[in-house]
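Q: This is protein-v6.cif, which holds mmCIF, C-alpha atoms:
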data_query
#
loop_
_atom_site.label_atom_id
_atom_site.label_comp_id
_atom_site.auth_asym_id
_atom_site.auth_seq_id
_atom_site.Cartn_x
_atom_site.Cartn_y
_atom_site.Cartn_z
CA MET A 1 -19.96 19.43 26.53
CA ARG A 2 -21.29 17.49 23.56
CA THR A 3 -19.86 14.13 22.69
CA ARG A 4 -18.68 13.79 19.12
CA LEU A 5 -17.59 10.78 17.14
CA TYR A 6 -14.15 12.32 16.68
CA SER A 7 -12.31 15.53 17.45
CA LEU A 8 -12.27 18.06 14.62
CA ASP A 9 -8.48 18.16 15.03
CA GLU A 10 -8.49 14.77 13.34
CA LEU A 11 -9.25 16.57 10.05
CA ASP A 12 -5.68 17.92 10.15
CA ASP A 13 -4.28 14.41 10.54
CA ILE A 14 -4.87 13.30 6.94
CA PRO A 15 -1.55 13.40 5.05
CA GLY A 16 -1.27 15.90 2.19
CA THR A 17 -4.84 17.09 2.58
CA LYS A 18 -6.51 20.39 3.47
CA VAL A 19 -10.15 20.05 4.45
CA PHE A 20 -12.18 22.91 2.95
CA THR A 21 -14.02 24.53 5.84
CA ALA A 22 -16.34 27.54 6.21
CA MET A 23 -13.35 29.60 7.39
CA ARG A 24 -11.29 28.66 4.32
CA SER A 25 -14.28 29.37 2.12
CA ARG A 26 -14.43 32.90 3.50
CA GLN A 27 -10.65 33.37 3.28
CA ALA A 28 -10.79 32.53 -0.43
CA TYR A 29 -14.04 34.34 -1.26
CA HIS A 30 -12.48 36.92 -3.59
CA LEU A 31 -10.05 34.39 -5.08
CA HIS A 32 -13.03 32.19 -5.83
CA LYS A 33 -14.97 35.14 -7.25
CA PHE A 34 -12.09 35.60 -9.69
CA CYS A 35 -12.15 31.88 -10.57
CA MET A 36 -15.89 31.91 -11.25
CA SER A 37 -15.55 35.03 -13.41
CA LEU A 38 -13.62 32.82 -15.84
CA MET A 39 -16.87 31.03 -16.68
CA GLU A 40 -17.47 33.82 -19.21
CA ALA A 41 -15.53 33.83 -22.47
CA ALA A 42 -15.08 37.64 -22.47
CA ASN A 43 -13.50 37.50 -19.01
CA ARG A 44 -11.16 34.68 -20.05
CA GLU A 45 -10.03 36.92 -22.94
CA ALA A 46 -9.43 39.89 -20.62
CA PHE A 47 -7.49 37.72 -18.17
CA ARG A 48 -5.27 36.31 -20.94
CA GLU A 49 -4.53 39.80 -22.27
CA ASP A 50 -3.23 41.15 -18.96
CA GLU A 51 -3.33 38.78 -16.02
CA ARG A 52 -2.09 41.25 -13.44
CA ALA A 53 -4.55 43.99 -14.46
CA TYR A 54 -7.42 41.54 -14.50
CA LEU A 55 -6.54 40.21 -11.03
CA ASP A 56 -6.47 43.76 -9.70
CA ARG A 57 -10.22 43.94 -10.27
CA PHE A 58 -10.63 41.54 -7.34
CA ARG A 59 -10.07 42.06 -3.62
CA MET A 60 -7.67 39.15 -3.39
CA SER A 61 -4.57 39.17 -1.19
CA PRO A 62 -1.22 39.85 -2.91
CA GLU A 63 -0.23 36.24 -2.06
CA GLN A 64 -3.33 34.88 -3.76
CA LYS A 65 -2.70 36.98 -6.87
CA GLN A 66 0.92 35.83 -7.05
CA ALA A 67 -0.08 32.18 -6.65
CA VAL A 68 -2.53 32.60 -9.56
CA ILE A 69 0.20 34.11 -11.74
CA ASP A 70 2.51 31.22 -10.72
CA ARG A 71 -0.26 28.61 -11.22
CA ASP A 72 0.85 27.29 -7.83
CA PHE A 73 -2.16 25.18 -6.90
CA ASN A 74 -0.76 23.93 -3.60
CA GLN A 75 -0.23 27.53 -2.53
CA LEU A 76 -3.73 28.50 -3.70
CA ILE A 77 -5.17 25.71 -1.58
CA GLU A 78 -2.97 26.79 1.34
CA LEU A 79 -4.52 30.27 0.95
CA GLY A 80 -8.04 28.89 1.28
CA GLY A 81 -8.77 27.80 -2.28
CA ASN A 82 -10.81 24.79 -3.30
CA ILE A 83 -10.04 22.74 -6.39
CA TYR A 84 -13.54 23.06 -7.89
CA PHE A 85 -13.06 26.81 -8.15
CA LEU A 86 -9.41 26.53 -9.12
CA VAL A 87 -10.02 24.30 -12.14
CA LYS A 88 -11.80 27.24 -13.79
CA LEU A 89 -8.28 28.70 -13.99
CA SER A 90 -6.65 25.54 -15.34
CA ASN A 91 -9.56 25.07 -17.77
CA THR A 92 -8.93 28.62 -19.02
CA ASP A 93 -5.31 27.61 -19.59
CA GLY A 94 -6.49 24.58 -21.57
CA TRP A 95 -5.08 22.21 -18.98
CA SER A 96 -6.79 18.92 -18.25
CA THR A 97 -8.01 18.48 -14.69
CA GLN A 98 -5.43 15.72 -14.40
CA LYS A 99 -2.62 18.14 -15.25
CA ALA A 100 -3.87 20.67 -12.68
CA VAL A 101 -4.28 18.02 -10.00
CA GLY A 102 -0.99 16.29 -10.78
CA SER A 103 0.87 19.62 -10.49
CA MET A 104 0.33 19.48 -6.72
CA THR A 105 2.10 16.17 -6.23
CA GLY A 106 5.68 17.04 -7.15
CA MET A 107 5.46 14.59 -10.06
CA THR A 108 5.70 15.46 -13.75
CA PRO A 109 2.44 15.17 -15.74
CA ASP A 110 3.75 11.95 -17.32
CA GLU A 111 4.75 10.43 -13.98
CA TYR A 112 1.39 11.32 -12.47
CA ALA A 113 -0.55 9.94 -15.46
CA ALA A 114 1.49 6.72 -15.23
CA MET A 115 0.70 6.39 -11.53
CA MET A 116 -3.02 6.75 -12.27
CA ARG A 117 -2.91 4.18 -15.08
CA ALA A 118 -1.19 1.79 -12.69
CA GLY A 119 -4.09 2.12 -10.23
CA GLY A 120 -3.45 5.41 -8.47
CA ARG A 121 -1.83 6.35 -5.19
CA SER A 122 -2.09 3.64 -2.55
CA ILE A 123 -3.96 4.29 0.67
CA GLU A 124 -1.24 2.46 2.63
CA GLY A 125 0.68 5.01 4.68
CA ASN A 126 -1.68 7.76 3.56
CA ARG A 127 -4.48 7.49 6.11
CA SER A 128 -3.08 9.24 9.14
CA ILE A 129 -0.02 11.32 9.99
CA LYS A 130 0.13 10.27 13.64
CA GLY A 131 -0.96 6.68 13.01
CA LYS A 132 1.66 6.38 10.24
CA ASN A 133 -0.67 4.04 8.35
CA MET B 1 -49.53 7.10 -8.17
CA ALA B 2 -45.88 7.83 -8.92
CA ARG B 3 -43.33 5.12 -8.19
CA ILE B 4 -39.57 4.90 -7.93
CA THR B 5 -38.76 2.00 -10.23
CA ALA B 6 -34.97 2.02 -10.21
CA GLY B 7 -31.98 3.51 -8.44
CA ILE B 8 -28.81 4.20 -10.38
CA ALA B 9 -25.40 5.38 -9.25
CA THR B 10 -22.44 6.52 -11.27
CA SER B 11 -19.28 8.58 -11.07
CA HIS B 12 -19.45 11.93 -12.90
CA VAL B 13 -15.81 12.64 -13.87
CA PRO B 14 -15.47 15.73 -16.14
CA ALA B 15 -12.87 14.00 -18.34
CA ILE B 16 -15.51 11.36 -19.20
CA GLY B 17 -17.66 14.21 -20.53
CA ALA B 18 -14.74 15.60 -22.53
CA ALA B 19 -13.94 12.17 -24.02
CA PHE B 20 -17.63 11.74 -24.89
CA ASP B 21 -17.93 15.19 -26.48
CA LEU B 22 -14.69 14.83 -28.48
CA GLY B 23 -15.66 11.40 -29.86
CA ARG B 24 -12.83 9.57 -28.07
CA THR B 25 -14.98 6.84 -26.52
CA GLN B 26 -13.37 4.06 -28.59
CA GLU B 27 -9.77 4.96 -27.74
CA PRO B 28 -7.98 2.29 -25.67
CA TYR B 29 -7.93 4.46 -22.53
CA TRP B 30 -11.65 5.27 -22.63
CA LYS B 31 -13.24 2.21 -24.24
CA PRO B 32 -13.34 0.12 -21.03
CA VAL B 33 -15.06 3.03 -19.23
CA PHE B 34 -17.78 3.54 -21.84
CA ASP B 35 -18.27 -0.22 -22.35
CA GLY B 36 -19.28 -0.33 -18.68
CA TYR B 37 -22.37 1.71 -19.56
CA ASP B 38 -23.65 -0.30 -22.54
CA TRP B 39 -25.90 -2.35 -20.28
CA VAL B 40 -27.62 0.63 -18.69
CA LYS B 41 -28.24 2.36 -22.01
CA ALA B 42 -30.21 -0.70 -23.20
CA PHE B 43 -31.95 -0.86 -19.80
CA GLN B 44 -33.10 2.76 -20.12
CA GLN B 45 -34.57 2.07 -23.56
CA ARG B 46 -36.75 -0.62 -22.03
CA GLU B 47 -37.63 1.30 -18.87
CA GLU B 48 -38.53 4.66 -20.41
CA PRO B 49 -38.50 6.62 -17.14
CA ASP B 50 -40.53 9.85 -17.05
CA VAL B 51 -38.52 11.72 -14.45
CA VAL B 52 -35.11 11.38 -12.82
CA ILE B 53 -34.38 12.86 -9.41
CA LEU B 54 -30.68 13.43 -9.93
CA CYS B 55 -28.47 13.82 -6.85
CA TYR B 56 -25.22 15.51 -7.81
CA ASN B 57 -22.90 18.22 -6.58
CA ASP B 58 -22.33 21.58 -8.15
CA HIS B 59 -18.60 22.12 -8.77
CA ALA B 60 -18.49 25.86 -8.06
CA SER B 61 -20.52 26.52 -11.20
CA ALA B 62 -23.84 27.79 -9.82
CA MET B 63 -23.37 27.59 -6.05
CA MET B 64 -20.64 27.45 -3.41
CA LEU B 65 -19.53 31.09 -3.69
CA ASP B 66 -22.32 33.34 -2.41
CA VAL B 67 -24.56 30.57 -1.11
CA VAL B 68 -23.63 27.12 0.16
CA PRO B 69 -26.84 25.10 0.43
CA THR B 70 -26.61 21.68 2.03
CA PHE B 71 -29.49 20.30 -0.06
CA ALA B 72 -30.82 22.30 -3.03
CA LEU B 73 -33.71 21.26 -5.25
CA GLY B 74 -34.00 22.52 -8.85
CA CYS B 75 -37.55 23.77 -9.39
CA ALA B 76 -37.25 25.40 -12.83
CA GLU B 77 -38.74 24.40 -16.19
CA GLU B 78 -35.26 24.05 -17.67
CA PHE B 79 -31.60 24.07 -16.71
CA GLU B 80 -28.81 25.21 -19.04
CA PRO B 81 -25.40 23.47 -19.13
CA ALA B 82 -22.83 25.66 -17.34
CA ASP B 83 -19.65 27.05 -18.91
CA GLU B 84 -16.96 25.65 -16.61
CA GLY B 85 -14.14 27.56 -18.24
CA TRP B 86 -13.84 25.74 -21.57
CA GLY B 87 -17.29 26.56 -23.04
CA LYS B 88 -20.60 24.80 -22.44
CA ARG B 89 -20.82 21.06 -23.07
CA PRO B 90 -22.58 20.48 -26.39
CA VAL B 91 -25.50 18.67 -24.78
CA PRO B 92 -29.23 19.44 -24.79
CA THR B 93 -30.85 21.78 -22.28
CA VAL B 94 -32.08 19.76 -19.29
CA MET B 95 -35.86 19.93 -18.92
CA GLY B 96 -37.25 20.05 -15.38
CA ASP B 97 -40.53 19.06 -13.79
CA PRO B 98 -41.65 22.08 -11.74
CA VAL B 99 -44.88 20.42 -10.61
CA LEU B 100 -43.24 17.34 -9.13
CA ALA B 101 -40.38 19.50 -7.81
CA ALA B 102 -42.86 21.73 -5.97
CA HIS B 103 -44.52 18.64 -4.50
CA LEU B 104 -41.15 17.30 -3.34
CA ALA B 105 -40.20 20.68 -1.87
CA GLU B 106 -43.44 20.85 0.08
CA GLN B 107 -43.35 17.27 1.34
CA LEU B 108 -39.67 17.32 2.28
CA VAL B 109 -39.89 20.50 4.34
CA ILE B 110 -42.99 19.17 6.08
CA ASP B 111 -40.95 16.01 6.81
CA GLU B 112 -38.21 18.13 8.47
CA PHE B 113 -35.83 18.45 5.50
CA ASP B 114 -35.38 22.21 5.05
CA MET B 115 -34.44 22.27 1.38
CA THR B 116 -33.04 25.25 -0.50
CA LEU B 117 -35.17 25.81 -3.60
CA MET B 118 -33.45 26.87 -6.81
CA ASN B 119 -35.66 28.74 -9.28
CA HIS B 120 -32.68 29.29 -11.56
CA LEU B 121 -29.82 26.84 -11.85
CA ASP B 122 -27.16 26.15 -14.48
CA VAL B 123 -26.02 22.54 -14.29
CA ASP B 124 -22.42 21.41 -14.66
CA HIS B 125 -20.67 18.13 -15.50
CA GLY B 126 -21.83 16.64 -12.20
CA LEU B 127 -25.32 16.41 -13.70
CA THR B 128 -24.74 16.25 -17.46
CA VAL B 129 -22.02 13.55 -17.51
CA PRO B 130 -24.36 10.98 -15.87
CA LEU B 131 -27.07 11.88 -18.42
CA SER B 132 -24.61 11.28 -21.27
CA LEU B 133 -23.57 7.94 -19.77
CA MET B 134 -27.17 6.73 -19.35
CA PHE B 135 -28.61 7.96 -22.65
CA GLY B 136 -25.67 8.52 -25.04
CA LYS B 137 -25.63 11.23 -27.68
CA VAL B 138 -29.18 12.51 -28.13
CA GLU B 139 -30.97 15.51 -29.67
CA GLN B 140 -32.95 15.92 -26.49
CA TRP B 141 -32.86 14.12 -23.15
CA PRO B 142 -35.61 11.48 -23.00
CA VAL B 143 -36.49 12.32 -19.38
CA ARG B 144 -37.39 15.29 -17.25
CA VAL B 145 -34.83 15.92 -14.50
CA ILE B 146 -35.14 17.31 -11.00
CA PRO B 147 -31.63 18.30 -9.89
CA LEU B 148 -30.87 17.74 -6.22
CA ALA B 149 -27.56 19.40 -5.44
CA VAL B 150 -25.73 18.33 -2.28
CA ASN B 151 -22.88 20.11 -0.53
CA VAL B 152 -20.10 17.52 -0.55
CA THR B 153 -17.27 20.04 -0.66
CA GLN B 154 -17.40 22.43 2.25
CA PHE B 155 -17.00 20.78 5.64
CA PRO B 156 -19.24 19.75 7.25
CA THR B 157 -21.14 18.01 4.50
CA PRO B 158 -24.39 16.30 5.50
CA SER B 159 -23.74 12.97 7.18
CA ALA B 160 -24.20 9.59 5.52
CA GLU B 161 -27.16 8.93 7.81
CA ARG B 162 -28.77 12.27 6.94
CA CYS B 163 -28.44 11.45 3.24
CA TRP B 164 -30.06 8.04 3.78
CA GLN B 165 -32.95 9.70 5.65
CA LEU B 166 -33.41 12.25 2.87
CA GLY B 167 -33.66 9.38 0.39
CA ALA B 168 -36.30 7.70 2.53
CA ARG B 169 -38.35 10.92 2.66
CA ILE B 170 -38.01 11.37 -1.11
CA ARG B 171 -39.49 7.91 -1.53
CA ASP B 172 -42.48 8.87 0.67
CA ALA B 173 -42.95 12.10 -1.28
CA VAL B 174 -42.91 10.33 -4.66
CA LEU B 175 -45.39 7.71 -3.44
CA SER B 176 -47.79 10.49 -2.38
CA TYR B 177 -47.74 12.13 -5.83
CA PRO B 178 -51.02 11.44 -7.65
CA ALA B 179 -49.81 11.33 -11.27
CA ASN B 180 -48.84 7.95 -12.66
CA LEU B 181 -45.12 8.54 -13.18
CA ASN B 182 -42.15 6.23 -13.64
CA VAL B 183 -39.49 7.88 -11.48
CA GLN B 184 -35.82 6.97 -11.11
CA ILE B 185 -33.41 8.33 -8.55
CA TRP B 186 -29.72 8.63 -9.31
CA GLY B 187 -26.81 9.13 -6.93
CA THR B 188 -23.64 10.39 -8.59
CA GLY B 189 -20.01 11.17 -7.84
CA GLY B 190 -17.20 9.10 -6.36
CA MET B 191 -15.78 6.63 -6.08
CA SER B 192 -12.45 7.10 -4.28
CA HIS B 193 -10.46 10.09 -5.52
CA GLN B 194 -8.56 13.10 -4.27
CA LEU B 195 -8.02 16.20 -6.39
CA GLN B 196 -5.82 18.30 -4.11
CA GLY B 197 -2.44 18.45 -2.45
CA PRO B 198 0.39 15.92 -2.23
CA ARG B 199 -2.07 13.04 -1.62
CA ALA B 200 -3.82 13.72 -4.98
CA GLY B 201 -4.36 10.61 -7.07
CA LEU B 202 -5.45 8.50 -4.11
CA ILE B 203 -7.48 5.44 -5.12
CA ASN B 204 -8.76 2.88 -2.60
CA PRO B 205 -10.25 -0.11 -4.43
CA GLU B 206 -10.65 -2.07 -1.19
CA PHE B 207 -12.86 0.65 0.29
CA ASP B 208 -14.76 1.10 -2.98
CA ASN B 209 -15.52 -2.59 -3.44
CA ALA B 210 -16.61 -2.97 0.18
CA PHE B 211 -18.89 0.03 -0.35
CA LEU B 212 -20.39 -1.59 -3.46
CA ASP B 213 -20.94 -4.87 -1.58
CA LYS B 214 -22.55 -3.28 1.47
CA LEU B 215 -24.71 -0.91 -0.54
CA VAL B 216 -26.70 -3.91 -1.78
CA ASP B 217 -27.64 -5.69 1.45
CA ARG B 218 -25.79 -4.12 4.41
CA PRO B 219 -26.49 -0.41 3.93
CA ASP B 220 -26.77 0.14 7.69
CA GLU B 221 -22.99 -0.25 7.91
CA LEU B 222 -22.52 2.56 5.39
CA ARG B 223 -24.96 4.85 7.19
CA LYS B 224 -22.55 4.80 10.14
CA LEU B 225 -19.51 5.97 8.18
CA THR B 226 -18.26 9.32 9.47
CA ARG B 227 -17.15 12.21 7.33
CA LEU B 228 -13.64 11.61 8.67
CA GLU B 229 -13.66 7.99 7.48
CA PHE B 230 -14.79 9.04 4.00
CA LEU B 231 -12.09 11.73 3.83
CA ARG B 232 -9.37 9.38 5.08
CA GLU B 233 -10.31 6.25 3.16
CA SER B 234 -11.85 7.51 -0.08
CA GLY B 235 -10.03 10.85 -0.50
CA SER B 236 -11.20 14.42 -0.03
CA GLU B 237 -13.46 14.17 -3.09
CA GLY B 238 -14.49 10.55 -2.47
CA ILE B 239 -16.96 11.83 0.13
CA GLU B 240 -19.24 12.44 -2.86
CA LEU B 241 -20.29 8.84 -2.19
CA ILE B 242 -22.75 10.11 0.42
CA MET B 243 -24.97 11.00 -2.55
CA TRP B 244 -25.21 7.30 -3.41
CA LEU B 245 -26.84 6.85 0.00
CA ILE B 246 -29.67 9.27 -0.91
CA MET B 247 -30.41 7.00 -3.87
CA ARG B 248 -30.11 3.88 -1.74
CA GLY B 249 -32.32 5.33 1.02
CA ALA B 250 -35.03 5.96 -1.57
CA MET B 251 -35.05 2.26 -2.55
CA GLY B 252 -36.46 0.90 0.70
CA TYR B 253 -34.51 -1.75 2.55
CA THR B 254 -34.31 -4.53 -0.02
CA VAL B 255 -32.99 -4.23 -3.54
CA ARG B 256 -31.93 -6.49 -6.36
CA GLU B 257 -28.65 -5.49 -7.96
CA LEU B 258 -29.15 -5.53 -11.72
CA GLN B 259 -25.78 -4.18 -12.74
CA ARG B 260 -22.40 -3.35 -11.22
CA PHE B 261 -19.31 -1.87 -12.84
CA TYR B 262 -15.98 -0.74 -11.38
CA HIS B 263 -12.95 0.58 -13.24
CA VAL B 264 -9.72 2.41 -12.41
CA PRO B 265 -8.89 5.01 -13.60
CA ALA B 266 -10.79 7.72 -15.42
CA SER B 267 -8.42 10.65 -15.14
CA ASN B 268 -7.95 10.99 -11.33
CA THR B 269 -10.89 8.85 -10.28
CA ALA B 270 -12.15 5.34 -9.60
CA VAL B 271 -15.33 4.83 -11.63
CA GLY B 272 -18.26 2.99 -10.08
CA HIS B 273 -21.75 2.34 -11.43
CA VAL B 274 -24.70 0.30 -10.13
CA VAL B 275 -28.34 -0.25 -11.07
CA TYR B 276 -30.85 -1.38 -8.43
CA ARG B 277 -34.46 -2.46 -8.50
CA PRO B 278 -36.40 -1.82 -5.27
CA LEU B 279 -38.10 -4.98 -4.02
CA VAL B 280 -41.02 -3.76 -1.96
#
For the file at hand, write its structure as structure tokens.
A:
Amino acid sequence: MRTRLYSLDELDDIPGTKVFTAMRSRQAYHLHKFCMSLMEAANREAFREDERAYLDRFRMSPEQKQAVIDRDFNQLIELGGNIYFLVKLSNTDGWSTQKAVGSMTGMTPDEYAAMMRAGGRSIEGNRSIKGKN
Amino acid sequence: MARITAGIATSHVPAIGAAFDLGRTQEPYWKPVFDGYDWVKAFQQREEPDVVILCYNDHASAMMLDVVPTFALGCAEEFEPADEGWGKRPVPTVMGDPVLAAHLAEQLVIDEFDMTLMNHLDVDHGLTVPLSLMFGKVEQWPVRVIPLAVNVTQFPTPSAERCWQLGARIRDAVLSYPANLNVQIWGTGGMSHQLQGPRAGLINPEFDNAFLDKLVDRPDELRKLTRLEFLRESGSEGIELIMWLIMRGAMGYTVRELQRFYHVPASNTAVGHVVYRPLV
């Protein structure tokens, strides 16, 4: 047995955080293919015209499609997504990255922006679930 | 003989690029950020580097879907700005240096770094925002650029130590290049930030400032940081800071810090920027 600096289970101990692994990357492959398709203006047009029909071009799960329609970024991340792909969707919507990111925190865009101006979210209490620090 | 004459690090926040492109640099929110780069713009006018080896990460613009290279070197003559969903940034095409890139590719693989070589690569804000910060609004970029894309997104990323070692091998490779070139190496990304989930918005100035202190004269302490520590302390996207260690590893052990800047926030992110001169 190899000795490691920490157990990989520790990655699940960071509060409010999903670490993007090879398994998640595979789980979200078709979701991410959809996201990257939005890098072309013609595809952004087609998506805006009929979101559901456009999504049906991709082999995404029904849950992933619904989360796209709902713009539910926490759910998209739960289903394997990574923010760097997902911002292609929020960029298509004309959202700032801050608006997309803030939408996952349960705060309004104004509350989130105010928190950032005031120095951001503190690390205290946000390091470890089991360590409660 | 080619030489690495300076190492530069900076954050590469997309909103900085948007503020730059939309002419909002003098607005109260953005002015303190852009003021932090006045010094380096004057520095670059004096230095006139020929080539920049630019360590950055692709944000699901050209990689990460079908291929996930740990270290990828851009070997093309030119690199177009990517359309990240809002149209391409209105910045010049980035000109490469295929001859030096081929030399680096050869030397690095011989030195045990099995690079992925990119013969076509569109470059996103991770690469073009640092260029805008260092050179301002220009008709064409005054340097050739060799993109070095690092996987900092999909776990496991390369370790801090591995990044340092890559930097050291890049230094060897540059020194063995016969042409008389003024080469800079840049590390980009960071500092602390998290762009996902309920912990989004995390900023850790204590970690960031300790990182900036140690990067100057105690880099060995940073080489020991684990991926877990980066993720915990600097946020899931703060682990981009490993790219600063490629730059620092390419400096040799001793540097003089010429410039340091730290500011919170730019959008979701703590902005950090340093300029080093290698002293060997």
Q: Residues within 7 Å of region 13-22 of chain A, please, as an NGL selection string. Count only C-alpha atoms; anything in the same chain fewer than 5 positions from it doesn't count.
A: (:A and (82 or 126-130)) or (:B and (153-155 or 196-199 or 232))
Q: With chain A as the partner and 7 Å as the cut-off, tabulate the residues of chain B that qualify, each row holding the nearest pair of atoms and their distance in Å to one decimal, using all atoms listed in the file, sorted by chain and rising number, as a tab-separated table.
A:
residue	atom	partner	partner_atom	distance
B:His59	CA	A:Tyr84	CA	5.2
B:Ala60	CA	A:Phe85	CA	5.5
B:Leu65	CA	A:Tyr29	CA	6.8
B:Asp83	CA	A:Met39	CA	5.3
B:Glu84	CA	A:Met39	CA	5.4
B:Gly85	CA	A:Met39	CA	4.7
B:Trp86	CA	A:Asn91	CA	5.8
B:Thr153	CA	A:Phe20	CA	6.9
B:Gln154	CA	A:Phe20	CA	5.3
B:Phe155	CA	A:Thr21	CA	4.8
B:Leu195	CA	A:Val101	CA	5.5
B:Gln196	CA	A:Val101	CA	6.1
B:Gly197	CA	A:Met104	CA	5.2
B:Pro198	CA	A:Thr105	CA	4.4
B:Arg199	CA	A:Gly16	CA	4.8
B:Ala200	CA	A:Thr105	CA	6.5
B:Gly201	CA	A:Arg121	CA	5.3
B:Leu202	CA	A:Arg121	CA	4.3
B:Ile203	CA	A:Gly120	CA	5.2
B:Asn204	CA	A:Ile123	CA	6.0
B:Leu228	CA	A:Leu11	CA	6.8
B:Arg232	CA	A:Arg127	CA	5.3
B:Glu233	CA	A:Arg127	CA	6.7
B:Val264	CA	A:Gly119	CA	6.0
B:Pro265	CA	A:Arg117	CA	6.2
B:Ser267	CA	A:Gln98	CA	5.9
B:Asn268	CA	A:Gln98	CA	6.2
Q: Could you list the residues chosen by the PyMOL selection byres ((chain B and resi 142) around 9) in this structure as a ChimeraX atom specification?
A: /B:48-50,135,138,140-141,143-144
Q: Where does the PyMOL selection byres ((chain B and resi 36) around 9) land in this file, that is, which residues does it pick, as a ChimeraX atom specification?
A: /B:31-35,37-40,260-263,273
Q: Evaluate the PyMOL selection byres ((chain B and resi 8-13) around 9) here and jot the selected residues down as a PyMOL selection string.
A: chain B and resi 6-7+14-17+56+125-130+133+184-191+241+243-244+247-248+266-277
Q: Skip Arg169 (chain B) itself and residues of its chain fewer than 3 positions away, then list as an NGL selection string all residues within 8 Å of it, counting all atoms listed in the file.
A: :B and (108 or 111 or 165-166 or 172-173 or 250)
Q: State, in Å with one decimal place, the distance from CA of Thr254 (chain B) to CA of Arg223 (chain B).
A: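 Spanning CA of Thr254 (chain B) to CA of Arg223 (chain B) is a straight-line distance of 15.1 Å.
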Q: For the point (-11.4, 40.2, -2.1) in the file's frame, write as a list of chain:residue names all residues with an atom no more than 7 Å away, counting only C-alpha atoms.
A: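 Protein, DNA and RNA residues close to (-11.4, 40.2, -2.1): A:Tyr29, A:His30, A:Leu31, A:Phe58, A:Arg59, A:Met60, A:Ser61.
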Q: Need the neighbours of (-23.9, 26.9, -6.2): which residues are at most 10 Å away, counting all atoms listed in the file, as an NGL selection string?
A: :B and (57-69 or 72 or 118 or 121-123 or 149-151)
Q: Using the partial input, fill out region 107-117 of chain A with N, CA, C and O atoms; write the result as a compact mmCIF listing (two decimals), in the frame of the given file.
A:
# COMPACT_ATOMS: atom_id res chain seq x y z
N MET A 107 5.14 15.50 -8.95
CA MET A 107 5.46 14.59 -10.06
C MET A 107 5.29 15.35 -11.37
O MET A 107 4.56 16.34 -11.44
N THR A 108 5.96 14.88 -12.43
CA THR A 108 5.70 15.46 -13.75
C THR A 108 4.34 14.95 -14.23
O THR A 108 3.84 13.93 -13.73
N PRO A 109 3.73 15.65 -15.21
CA PRO A 109 2.44 15.17 -15.74
C PRO A 109 2.52 13.72 -16.21
O PRO A 109 1.57 12.94 -15.97
N ASP A 110 3.63 13.34 -16.84
CA ASP A 110 3.75 11.95 -17.32
C ASP A 110 3.84 10.96 -16.17
O ASP A 110 3.23 9.89 -16.20
N GLU A 111 4.62 11.32 -15.15
CA GLU A 111 4.75 10.43 -13.98
C GLU A 111 3.40 10.26 -13.29
O GLU A 111 3.02 9.15 -12.89
N TYR A 112 2.68 11.37 -13.14
CA TYR A 112 1.39 11.32 -12.47
C TYR A 112 0.40 10.47 -13.28
O TYR A 112 -0.31 9.62 -12.73
N ALA A 113 0.36 10.71 -14.60
CA ALA A 113 -0.55 9.94 -15.46
C ALA A 113 -0.22 8.45 -15.38
O ALA A 113 -1.12 7.59 -15.34
N ALA A 114 1.08 8.13 -15.32
CA ALA A 114 1.49 6.72 -15.23
C ALA A 114 1.05 6.11 -13.91
O ALA A 114 0.58 4.96 -13.86
N MET A 115 1.16 6.89 -12.84
CA MET A 115 0.70 6.39 -11.53
C MET A 115 -0.80 6.08 -11.58
O MET A 115 -1.26 5.05 -11.07
N MET A 116 -1.57 6.97 -12.20
CA MET A 116 -3.02 6.75 -12.27
C MET A 116 -3.35 5.52 -13.10
O MET A 116 -4.19 4.71 -12.73
N ARG A 117 -2.66 5.36 -14.25
CA ARG A 117 -2.91 4.18 -15.08
C ARG A 117 -2.58 2.90 -14.32
O ARG A 117 -3.19 1.86 -14.54
